[in-house]
Amino acid sequence: MRPPRNRDSADVNFDDSWNVLSTAMQEMYKKNASRLSYEELYRTAYTLVLKKHAEKLYNAFKSFVAQHLRDMVANELAPLASNTANSLSADGLGSTVAVPLATADQREAGIRFLKAVKVQWDDHCLCMRMISDILMYMDRVYCKELQLPLIYDAGLALFRDHVIRNKEFQVGEHIYAVILNQIRLQRDGDLVDTSAIKAAVLMLESLTEDKIDGETVYSRSFEPKFLRSSTEFYVAEAAKISRECLSGQYLVETEKRLKEEHERAMTYLSVSTEPKIISIVEETMITKNIIAVMHSEKSGINQMILNERMDDLQRLYRLVARVDPEKTDLRNSLMTRVTQQGTEINRDALEDLKKPERAKGVSAQNAATMTAFKWVEAVLGLKERYDRILNDTMDGDNKVQTSLTKAFSTFINQMSRCSEFLSLFIDDNLKKGLKGKTEEEAEAVLDRAITLFRYIDDKDVFETYYKSHLAKRLLGGRSISDDVERMMITKLKMEVGFSFTTKLEGMFKDMKVSRDMTEEYKTYSQEHDSDRRTELSVSVLTSTNWPVSLSSGEQSSSSTCVYPSEIEHVKRSFEKFYVDRHSGRVLTWKPNMGNADLRATFKKRKYGLNVSTYAMVILTLFNDVADGDALSFEEIRAATSISEPELVRNLQSLAVVPNTRVLLKEPMSKDIKPTDRFSVNVNFESHYLKIKIPTVAYINKTETEKERKETVDKVDELRRYQTDAAIVRIMKARKTLEHNILVAEVTSQLSSRFHPDASLIKKRIDAMLEREYIERSSDNRQVYNYLA
């Protein structure tokens, strides 16, 4: 609206003009504004400002509105406020606490009061807009020039000061109390009028604080009261739920409360309040109580895991993640539980190993082997359970996974025989366990084994056992597939590198070369000895690739066996064939690793027998024994020169085992004694024409204490060599190095194979000093120099 032209320069009477304006304002509040002439009212106000009465007009406006608001409070709001029946008490900080209304009528009284305040607020805002239009010229000229609040803003400030902050009737305190009371009722499950509360909140947000940028009556006066009362509520709520509910239900209620508060803030409170109230719920119900919830004996995390309550675990993870991004308490609880369960698995396995027999007819060694398989399956089952928990309930959280890995590594490496047990598990599967399975299924089994392998610290111990078991599979022809064997080696190479599998791959290469050599020898023998009836199949093994000992017998006499003449002839023929092609090499025959196929004639039938080389030597002795005659144990040993342990095992397999009893023993007993005599069982019968007679030496079992000590000694010796090599390698590259740094670098280099003790490294450094590979610096005894 443009200001009218000034047609009267005479001074105006302020009182008369103000009387016109104030009367119009009263009509506006009475909602009779339609009869007013806005052009006349605007001209009157414009003239007063033009004639320098702007200050008196501004003050008169404020006085008029203030008086109207005081009267309105006394006449309209005060009676309703007294009927709300809210009991208010100061807490020492000027805040108030609402006590729930006792009856439905009293509860509705609070909503009626809020609605009445809304009506007065809406009327006041409307009137302020109309008055602002009338006094627009004063806004543009007077208020802006003196930086005073514009008319509309001044009107809102007057509402704040004379309605909300009315000290006589405490309208604002009643508003806060009613809102808090309605929120408490809603938290207790009652229905409330959210639109009335939302209107009151919007009003409080519209009223700004004097001289405080960004602060409103809502944020300054109401929100602190709301947050304090909410804290009190949730402290009590957490205590109540923890007393009355199991841990799972506590988590459900906590998530429910978080959702409710989020929706409440989004629906009718300020959006800025949402993070503050959520923080209170998290602090009171999660941070201060979650440890007790997790550690509850009856329903805590241990019971959730035991009973696979995935929903509860997922809820627990979500809640913990809200207050602790590191999930420290959750991770510690999971680690404790995994370690506890793993320790129980270890304890059960060790108790089983102490039992001489677990079932009738099961030897102590076989029982120990069964224990190894049971231990591996139990550990893998535990790992798969926690993998499901991690992926299904915790989104594969990397921090949680790291803690689980640490816990599994701890208890697995506490089992001193973990490497042996895992190698036995793999051996059993690669020998027979994977028959009839697809390549995908076979790979899945091997992947399970690799999972356990990752946790083992002393991988060099595992390598020792794996080489021994692989050698037996390859030499005995009991590996189900070269492809599957190579798949396993590839997986090991991916885990620990090329150097770990070099000798394993060398074993396969030897077997291939041996097969080719056998074919060449067949051609050679046909050309030079066409009348020979004995076929020879050889495995020429590179000594550095294969284990020194592949059986539990005495190895010092393993090459002193006396062969039958026919076999001795073939043996010498092959030696000539081999040396002619590989001059300078020496062949050492290992009868304890071989086997033979024989044709045996009994009274009723002829059979094909597959036996060990020792068993073949023993049986051929009986070709020269008349029917009904016998050979004593001492006679057999003298004729064959087989070591006593090997002779006992092979005679047991030939004369004691019922299904393969091709010899008769006198007297008949399980044990072999020097006084026993043996003869051919001419009445031997079997349902099969081809019979495999295994010996104890070829049955893969756990080690005896003596064998285990020998394995440990070999591993310790190899570790000394590896540590020496690492020290020389590092010093050659660095030339000069301080002691602690050298120890750290040696540890780092060897950690992929085993975790060396600092004492071992110190001893090997001393050995290197004695052998003059390195020397101490003359300036600092803690510094070493490399000697070229």
# chains A, B, ... in the order shown; residues from 1 in each chain; ligands from 1
>>> residues_around(residues="segment 321-325 of chain A", least_positions_apart="3", cutoff="7 Å", atoms="only C-alpha atoms", output="compact mmCIF listing (two decimals) with C-alpha atoms, in the first residue's frame")
# COMPACT_ATOMS: atom_id res chain seq x y z
CA GLU A 282 20.40 -44.98 24.79
CA THR A 287 24.82 -47.89 28.10
CA TYR A 317 24.08 -56.05 18.15
CA ARG A 318 21.95 -53.16 16.85
>>> residues_around(residues="segment 775-786 of chain A", least_positions_apart="3", cutoff="8 Å", atoms="only C-alpha atoms", output="PyMOL selection string")
chain A and resi 731-732+735-739+769+772
>>> closest_residue(among="A:Leu424, A:Gln170, A:Met130, A:Val484", to="Glu441 of chain A", atoms="only C-alpha atoms")
A:Val484
>>> closest_residue(among="A:Leu350, A:Ile280, A:Cys125, A:Leu330", to="Ala154 of chain A", atoms="only C-alpha atoms")
A:Cys125
>>> residues_around(residues="Ser296 of chain A", least_positions_apart="3", cutoff="12 Å", atoms="only C-alpha atoms", output="PyMOL selection string")
chain A and resi 242-243+245-248+250+289-293+299-304+333
>>> residues_around(residues="Leu492 of chain A", least_positions_apart="3", cutoff="10 Å", atoms="only C-alpha atoms", output="list in words")
Ile450, Phe453, Arg454, Glu463, Arg486, Met487, Met488, Ile489, Glu495, Val496, Gly497, Phe498, Phe500 and Thr501 of chain A
>>> residues_around(residues="Asn391 of chain A", least_positions_apart="4", cutoff="12 Å", atoms="only C-alpha atoms", output="PDB file with N, CA and C atoms, in the first residue's frame")
ATOM      1  N   MET A 310      18.486 -65.985  17.211  1.00  0.00           N
ATOM      2  CA  MET A 310      19.110 -65.053  16.271  1.00  0.00           C
ATOM      3  C   MET A 310      18.490 -63.659  16.343  1.00  0.00           C
ATOM      4  N   LEU A 313      19.972 -61.864  19.287  1.00  0.00           N
ATOM      5  CA  LEU A 313      21.364 -61.495  19.033  1.00  0.00           C
ATOM      6  C   LEU A 313      21.466 -60.329  18.066  1.00  0.00           C
ATOM      7  N   GLN A 314      20.616 -60.345  17.047  1.00  0.00           N
ATOM      8  CA  GLN A 314      20.614 -59.237  16.086  1.00  0.00           C
ATOM      9  C   GLN A 314      20.192 -57.934  16.772  1.00  0.00           C
ATOM     10  N   TYR A 317      23.036 -56.688  18.948  1.00  0.00           N
ATOM     11  CA  TYR A 317      24.079 -56.045  18.149  1.00  0.00           C
ATOM     12  C   TYR A 317      23.671 -54.633  17.742  1.00  0.00           C
ATOM     13  N   GLU A 384      31.357 -72.697  12.452  1.00  0.00           N
ATOM     14  CA  GLU A 384      30.224 -72.477  11.549  1.00  0.00           C
ATOM     15  C   GLU A 384      29.053 -71.836  12.291  1.00  0.00           C
ATOM     16  N   ARG A 385      28.880 -72.224  13.564  1.00  0.00           N
ATOM     17  CA  ARG A 385      27.801 -71.600  14.347  1.00  0.00           C
ATOM     18  C   ARG A 385      28.057 -70.109  14.508  1.00  0.00           C
ATOM     19  N   TYR A 386      29.286 -69.737  14.857  1.00  0.00           N
ATOM     20  CA  TYR A 386      29.582 -68.317  15.066  1.00  0.00           C
ATOM     21  C   TYR A 386      29.658 -67.556  13.744  1.00  0.00           C
ATOM     22  N   ASP A 387      29.979 -68.243  12.665  1.00  0.00           N
ATOM     23  CA  ASP A 387      29.899 -67.589  11.346  1.00  0.00           C
ATOM     24  C   ASP A 387      28.457 -67.218  11.030  1.00  0.00           C
ATOM     25  N   ASP A 395      25.796 -58.449  10.594  1.00  0.00           N
ATOM     26  CA  ASP A 395      26.177 -57.863   9.303  1.00  0.00           C
ATOM     27  C   ASP A 395      27.647 -58.106   8.962  1.00  0.00           C
ATOM     28  N   GLY A 396      28.190 -59.228   9.424  1.00  0.00           N
ATOM     29  CA  GLY A 396      29.588 -59.530   9.114  1.00  0.00           C
ATOM     30  C   GLY A 396      30.570 -58.504   9.649  1.00  0.00           C
ATOM     31  N   ASP A 397      30.242 -57.885  10.777  1.00  0.00           N
ATOM     32  CA  ASP A 397      31.051 -56.802  11.351  1.00  0.00           C
ATOM     33  C   ASP A 397      32.528 -57.205  11.453  1.00  0.00           C
ATOM     34  N   ASN A 398      33.403 -56.387  10.877  1.00  0.00           N
ATOM     35  CA  ASN A 398      34.828 -56.714  10.846  1.00  0.00           C
ATOM     36  C   ASN A 398      35.454 -56.745  12.233  1.00  0.00           C
ATOM     37  N   VAL A 400      33.945 -57.424  15.106  1.00  0.00           N
ATOM     38  CA  VAL A 400      33.491 -58.640  15.790  1.00  0.00           C
ATOM     39  C   VAL A 400      34.216 -59.853  15.224  1.00  0.00           C
ATOM     40  N   GLN A 401      34.372 -59.887  13.905  1.00  0.00           N
ATOM     41  CA  GLN A 401      35.069 -61.010  13.272  1.00  0.00           C
ATOM     42  C   GLN A 401      36.510 -61.111  13.773  1.00  0.00           C
TER      43      GLN A 401
END
>>> closest_residue(among="A:Glu344, A:Glu209, A:Asp597, A:Asp457", to="Leu158 of chain A", atoms="only C-alpha atoms")
A:Glu209
>>> closest_residue(among="A:Ile618, A:Cys127, A:Met668, A:Ile765", to="Arg649 of chain A", atoms="only C-alpha atoms")
A:Ile618
>>> residues_around(residues="segment 63-69 of chain A", least_positions_apart="3", cutoff="8 Å", atoms="only C-alpha atoms", output="PyMOL selection string")
chain A and resi 22+59-60+72-73+155+158-159+162-163
>>> write_last_selection(atoms="C-alpha atoms", output="compact mmCIF listing (two decimals), in the first residue's frame")
# COMPACT_ATOMS: atom_id res chain seq x y z
CA SER A 22 -7.20 1.40 19.43
CA ASN A 59 4.60 2.30 22.88
CA ALA A 60 0.83 2.76 22.85
CA MET A 72 -7.46 -12.53 28.08
CA VAL A 73 -5.33 -14.71 30.36
CA GLY A 155 3.23 -8.73 19.09
CA LEU A 158 4.20 -9.57 23.96
CA PHE A 159 2.36 -12.90 23.80
CA HIS A 162 2.27 -11.71 29.07
CA VAL A 163 0.81 -15.12 28.30
>>> select_by_dssp(residues="segment 366-544 of chain A", states="helix (DSSP H, G or I)", output="VMD selection string")
chain A and resid 366 to 393 398 to 414 418 to 433 439 to 455 459 to 476 482 to 496 498 to 528
>>> residues_around(residues="segment 196-199 of chain A", least_positions_apart="2", cutoff="12 Å", atoms="only C-alpha atoms", output="number ranges by chain")
A: 108, 110-122, 175-183, 186, 192-194, 201-206, 218, 264-271
>>> write_last_selection(atoms="C-alpha atoms", output="mmCIF file, in the first residue's frame")
data_model
loop_
_atom_site.group_PDB
_atom_site.id
_atom_site.type_symbol
_atom_site.label_atom_id
_atom_site.label_comp_id
_atom_site.auth_asym_id
_atom_site.auth_seq_id
_atom_site.Cartn_x
_atom_site.Cartn_y
_atom_site.Cartn_z
ATOM 1 C CA GLU A 108 -9.391 -34.142 28.787
ATOM 2 C CA GLY A 110 -5.517 -30.630 29.828
ATOM 3 C CA ILE A 111 -6.283 -31.028 26.121
ATOM 4 C CA ARG A 112 -9.091 -28.439 26.393
ATOM 5 C CA PHE A 113 -6.626 -26.045 27.935
ATOM 6 C CA LEU A 114 -4.111 -26.577 25.085
ATOM 7 C CA LYS A 115 -6.849 -26.068 22.515
ATOM 8 C CA ALA A 116 -7.932 -22.859 24.241
ATOM 9 C CA VAL A 117 -4.371 -21.570 24.160
ATOM 10 C CA LYS A 118 -4.220 -22.457 20.458
ATOM 11 C CA VAL A 119 -7.412 -20.466 19.777
ATOM 12 C CA GLN A 120 -6.020 -17.398 21.544
ATOM 13 C CA TRP A 121 -2.678 -17.842 19.788
ATOM 14 C CA ASP A 122 -4.272 -18.105 16.353
ATOM 15 C CA ILE A 175 1.295 -25.682 29.067
ATOM 16 C CA TYR A 176 4.582 -27.493 29.776
ATOM 17 C CA ALA A 177 2.989 -29.646 32.448
ATOM 18 C CA VAL A 178 0.068 -30.658 30.236
ATOM 19 C CA ILE A 179 2.365 -31.584 27.347
ATOM 20 C CA LEU A 180 4.625 -33.601 29.662
ATOM 21 C CA ASN A 181 1.617 -35.272 31.205
ATOM 22 C CA GLN A 182 0.223 -36.223 27.790
ATOM 23 C CA ILE A 183 3.614 -37.650 26.771
ATOM 24 C CA GLN A 186 1.246 -41.972 25.765
ATOM 25 C CA VAL A 192 -3.572 -38.719 23.321
ATOM 26 C CA ASP A 193 -4.534 -35.826 21.056
ATOM 27 C CA THR A 194 -1.249 -35.313 19.230
ATOM 28 C CA VAL A 201 4.814 -27.049 20.304
ATOM 29 C CA LEU A 202 4.641 -25.004 17.074
ATOM 30 C CA MET A 203 3.548 -21.985 19.127
ATOM 31 C CA LEU A 204 6.485 -22.411 21.518
ATOM 32 C CA GLU A 205 8.868 -22.775 18.567
ATOM 33 C CA SER A 206 7.500 -19.551 17.046
ATOM 34 C CA TYR A 218 10.537 -24.334 23.172
ATOM 35 C CA ARG A 264 7.093 -38.765 18.844
ATOM 36 C CA ALA A 265 9.771 -36.263 17.894
ATOM 37 C CA MET A 266 8.883 -36.540 14.211
ATOM 38 C CA THR A 267 5.131 -36.317 14.861
ATOM 39 C CA TYR A 268 4.584 -33.492 17.317
ATOM 40 C CA LEU A 269 7.824 -32.413 18.961
ATOM 41 C CA SER A 270 10.675 -30.524 17.368
ATOM 42 C CA VAL A 271 12.957 -32.386 14.995
#
>>> atom_distance(atom1="atom CA of Phe678 of chain A", atom2="atom CA of Ala615 of chain A")
13.2 Å
